[in-house]
Amino acid sequence: MTRKMNVAIKVAILGSGNIGTDLLIKAMKSPHLNCTMFAGRNFNSSGMKKANSLGIPISDRGIEALLAAPDSFDIVFDATSAVAHQAHWEALKKLGKMVIDMTPAKLGSMCVPAINAEEVLRAGAKNLNMITCGGQASIPIAYALSQVHKGIDYIEVASSIASRSAGPATRYNMDEYIHTTEEALQQFSGATHTKAILILNPAHPPIDMQTTIYAKIANPDLDAMRESVSGMVEKIKSYVPGYQLIVPPTIEGGRVMVTVKVLGNGDYLPPYAGNLDIINCAAIAMAEMVATHG
């Protein structure tokens, strides 16, 4: 793809919850993104108040506000719910707009920037599905393992996040979260069987996001896997600064185990909300690629 210089693309954010508001702050920090609309359903939400205080145009008409002003944006971040995204995508694709889906709706091209960003953009995908927070944390590691050992039989990922960082949409979409993460793990790693687990930890003070990947691999080459995982971690850190490798590939109970932790940037949400930060950082990275590459 060719690179364009000094380009700012117009983005709209649909959903005024924590994810949408954090996306707004991240977009405002980017020299390549210009937020032109922040749309939700409740003018009294903290997200709406924050956007208004920053001088961003706001609306409580949700998707209707975007459909009424299609020339005001090029990309939509949909930070609502998997069910709502189905209707939103039906409307937005008729306008030819690109949608970056923050929900586990599985309607578009599954995207992990460190693995297939250029591939999905070259293919002309208009609906980019950012999978799930656990997916963005674990899939790159599973992919790195699969580059050393083909035909992995089983991969399991367990993500622990602070209960306070799991909002209503996360809780409502729990089934979709599990199914989407498992399907994406299988797609990117080629594993025959996959399993995803999400643990909401109510501990106080809140815990940081931590994800452990387990893989059943015959005759594992630890040195090669550690090199592959280390390279992948550096790729992820280029757009998720708080991504950390805690336990490199290790044999535990007859399985290969890898553990990572994610600390948030603290742009809008506290650092322990790494689960929200990683998926938002991935989405912003994709939008910036659209803006800077032709």
# chains A, B, ... in the order shown; residues from 1 in each chain; ligands from 1
>>> residues_around(residues="Val262 in chain A", least_positions_apart="3", cutoff="6 Å", atoms="only C-alpha atoms", output="list in words")
Met209, Gly242, Tyr243 and Gly274 of chain A
>>> write_last_selection(atoms="N, CA, C and O atoms", output="mmCIF file, in the first residue's frame")
data_model
loop_
_atom_site.group_PDB
_atom_site.id
_atom_site.type_symbol
_atom_site.label_atom_id
_atom_site.label_comp_id
_atom_site.auth_asym_id
_atom_site.auth_seq_id
_atom_site.Cartn_x
_atom_site.Cartn_y
_atom_site.Cartn_z
ATOM 1 N N MET A 209 -5.560 -6.341 33.600
ATOM 2 C CA MET A 209 -5.932 -7.412 32.675
ATOM 3 C C MET A 209 -4.759 -8.376 32.502
ATOM 4 O O MET A 209 -3.634 -7.961 32.254
ATOM 5 N N GLY A 242 1.070 -0.598 26.595
ATOM 6 C CA GLY A 242 0.982 -1.298 27.870
ATOM 7 C C GLY A 242 0.955 -2.807 27.779
ATOM 8 O O GLY A 242 0.708 -3.484 28.783
ATOM 9 N N TYR A 243 1.217 -3.366 26.596
ATOM 10 C CA TYR A 243 1.203 -4.819 26.405
ATOM 11 C C TYR A 243 2.524 -5.401 26.912
ATOM 12 O O TYR A 243 3.602 -4.970 26.504
ATOM 13 N N GLY A 274 -7.107 -2.384 31.053
ATOM 14 C CA GLY A 274 -6.338 -2.750 29.860
ATOM 15 C C GLY A 274 -7.164 -3.500 28.844
ATOM 16 O O GLY A 274 -6.857 -3.480 27.651
#
>>> residues_around(residues="Val99 in chain A", least_positions_apart="5", cutoff="9 Å", atoms="only C-alpha atoms", output="PyMOL selection string")
chain A and resi 74-78+89+92-93+108+126-129
>>> select_by_dssp(residues="range 95-261 of chain A", states="strand (DSSP E or B)", output="PyMOL selection string")
chain A and resi 98-101+109-110+127-129+154-162+193-201+209-216+243-252+255-261
>>> closest_residue(among="A:Thr181, A:Ser45, A:Asn280, A:Asn116", to="Ile100 in chain A", atoms="only C-alpha atoms")
A:Asn280
>>> select_by_dssp(residues="range 76-161 of chain A", states="helix (DSSP H, G or I)", output="ChimeraX atom specification")
/A:82-93,113-122,133-148
>>> write_last_selection(atoms="C-alpha atoms", output="PDB file, in the first residue's frame")
ATOM      1  CA  ALA A  82     -23.374  -7.049  18.879  1.00  0.00           C
ATOM      2  CA  VAL A  83     -27.149  -6.989  18.336  1.00  0.00           C
ATOM      3  CA  ALA A  84     -27.267  -3.259  17.571  1.00  0.00           C
ATOM      4  CA  HIS A  85     -24.330  -3.523  15.172  1.00  0.00           C
ATOM      5  CA  GLN A  86     -26.299  -5.790  12.855  1.00  0.00           C
ATOM      6  CA  ALA A  87     -28.814  -3.011  12.161  1.00  0.00           C
ATOM      7  CA  HIS A  88     -26.122  -0.325  12.094  1.00  0.00           C
ATOM      8  CA  TRP A  89     -24.082  -2.198   9.486  1.00  0.00           C
ATOM      9  CA  GLU A  90     -27.093  -2.743   7.234  1.00  0.00           C
ATOM     10  CA  ALA A  91     -27.639   1.028   7.173  1.00  0.00           C
ATOM     11  CA  LEU A  92     -24.009   2.141   6.921  1.00  0.00           C
ATOM     12  CA  LYS A  93     -22.920  -0.255   4.185  1.00  0.00           C
ATOM     13  CA  PRO A 113      -3.380  -5.195  13.401  1.00  0.00           C
ATOM     14  CA  ALA A 114      -0.168  -7.069  14.244  1.00  0.00           C
ATOM     15  CA  ILE A 115      -1.212  -9.937  11.963  1.00  0.00           C
ATOM     16  CA  ASN A 116      -3.466  -8.954   9.061  1.00  0.00           C
ATOM     17  CA  ALA A 117      -3.992  -5.174   8.934  1.00  0.00           C
ATOM     18  CA  GLU A 118      -2.592  -4.690   5.433  1.00  0.00           C
ATOM     19  CA  GLU A 119      -4.306  -7.822   4.156  1.00  0.00           C
ATOM     20  CA  VAL A 120      -7.831  -6.721   5.096  1.00  0.00           C
ATOM     21  CA  LEU A 121      -7.276  -3.188   3.780  1.00  0.00           C
ATOM     22  CA  ARG A 122      -5.870  -4.449   0.474  1.00  0.00           C
ATOM     23  CA  CYS A 133     -10.395  -7.608  24.103  1.00  0.00           C
ATOM     24  CA  GLY A 134      -9.283 -11.133  24.996  1.00  0.00           C
ATOM     25  CA  GLY A 135      -8.900 -11.882  21.312  1.00  0.00           C
ATOM     26  CA  GLN A 136      -6.638  -8.890  20.708  1.00  0.00           C
ATOM     27  CA  ALA A 137      -4.500  -9.973  23.683  1.00  0.00           C
ATOM     28  CA  SER A 138      -4.290 -13.697  22.928  1.00  0.00           C
ATOM     29  CA  ILE A 139      -4.614 -14.219  19.178  1.00  0.00           C
ATOM     30  CA  PRO A 140      -1.229 -12.679  18.273  1.00  0.00           C
ATOM     31  CA  ILE A 141       0.466 -15.071  20.723  1.00  0.00           C
ATOM     32  CA  ALA A 142      -1.464 -18.061  19.376  1.00  0.00           C
ATOM     33  CA  TYR A 143      -0.520 -16.981  15.860  1.00  0.00           C
ATOM     34  CA  ALA A 144       3.164 -16.680  16.849  1.00  0.00           C
ATOM     35  CA  LEU A 145       3.087 -20.209  18.273  1.00  0.00           C
ATOM     36  CA  SER A 146       1.449 -21.503  15.085  1.00  0.00           C
ATOM     37  CA  GLN A 147       4.245 -20.033  12.974  1.00  0.00           C
ATOM     38  CA  VAL A 148       6.628 -22.431  14.696  1.00  0.00           C
TER      39      VAL A 148
END
>>> atom_distance(atom1="CA of Pro57 in chain A", atom2="CA of Met37 in chain A")
5.1 Å
>>> closest_residue(among="A:Pro270, A:Gly231, A:Pro220, A:Gly96", to="Thr250 in chain A", atoms="only C-alpha atoms")
A:Pro220
>>> closest_residue(among="A:Leu263, A:Leu95, A:Gly151, A:Phe73", to="Phe188 in chain A", atoms="only C-alpha atoms")
A:Gly151
>>> atom_distance(atom1="CA of Ala273 in chain A", atom2="CA of Ser165 in chain A")
5.4 Å
>>> atom_distance(atom1="CA of Ala166 in chain A", atom2="CA of Ala203 in chain A")
13.0 Å
>>> residues_around(residues="Gly253 in chain A", least_positions_apart="3", cutoff="12 Å", atoms="only C-alpha atoms", output="list in words")
Tyr214, Ala215, Lys216, Ile217, Thr250, Val256 and Met257 of chain A
>>> write_last_selection(atoms="N, CA, C and O atoms", output="tab-separated table (two decimals), in the first residue's frame")
chain	number	residue	atom	x	y	z
A	214	TYR	N	-2.84	-21.31	26.62
A	214	TYR	CA	-2.37	-22.69	26.77
A	214	TYR	C	-2.49	-23.37	25.41
A	214	TYR	O	-3.49	-23.21	24.71
A	215	ALA	N	-1.47	-24.14	25.03
A	215	ALA	CA	-1.51	-24.83	23.75
A	215	ALA	C	-0.98	-26.26	23.89
A	215	ALA	O	0.05	-26.48	24.54
A	216	LYS	N	-1.69	-27.22	23.30
A	216	LYS	CA	-1.23	-28.60	23.25
A	216	LYS	C	-0.40	-28.77	22.00
A	216	LYS	O	-0.93	-28.71	20.87
A	217	ILE	N	0.90	-28.93	22.19
A	217	ILE	CA	1.83	-29.01	21.06
A	217	ILE	C	2.75	-30.21	21.26
A	217	ILE	O	3.39	-30.34	22.31
A	250	THR	N	6.49	-21.58	28.06
A	250	THR	CA	6.99	-22.45	29.12
A	250	THR	C	6.17	-23.74	29.12
A	250	THR	O	4.99	-23.71	28.79
A	256	VAL	N	2.09	-25.99	26.52
A	256	VAL	CA	2.85	-24.73	26.40
A	256	VAL	C	1.98	-23.63	26.99
A	256	VAL	O	0.79	-23.52	26.68
A	257	MET	N	2.57	-22.80	27.85
A	257	MET	CA	1.83	-21.71	28.50
A	257	MET	C	2.55	-20.39	28.25
A	257	MET	O	3.78	-20.31	28.33
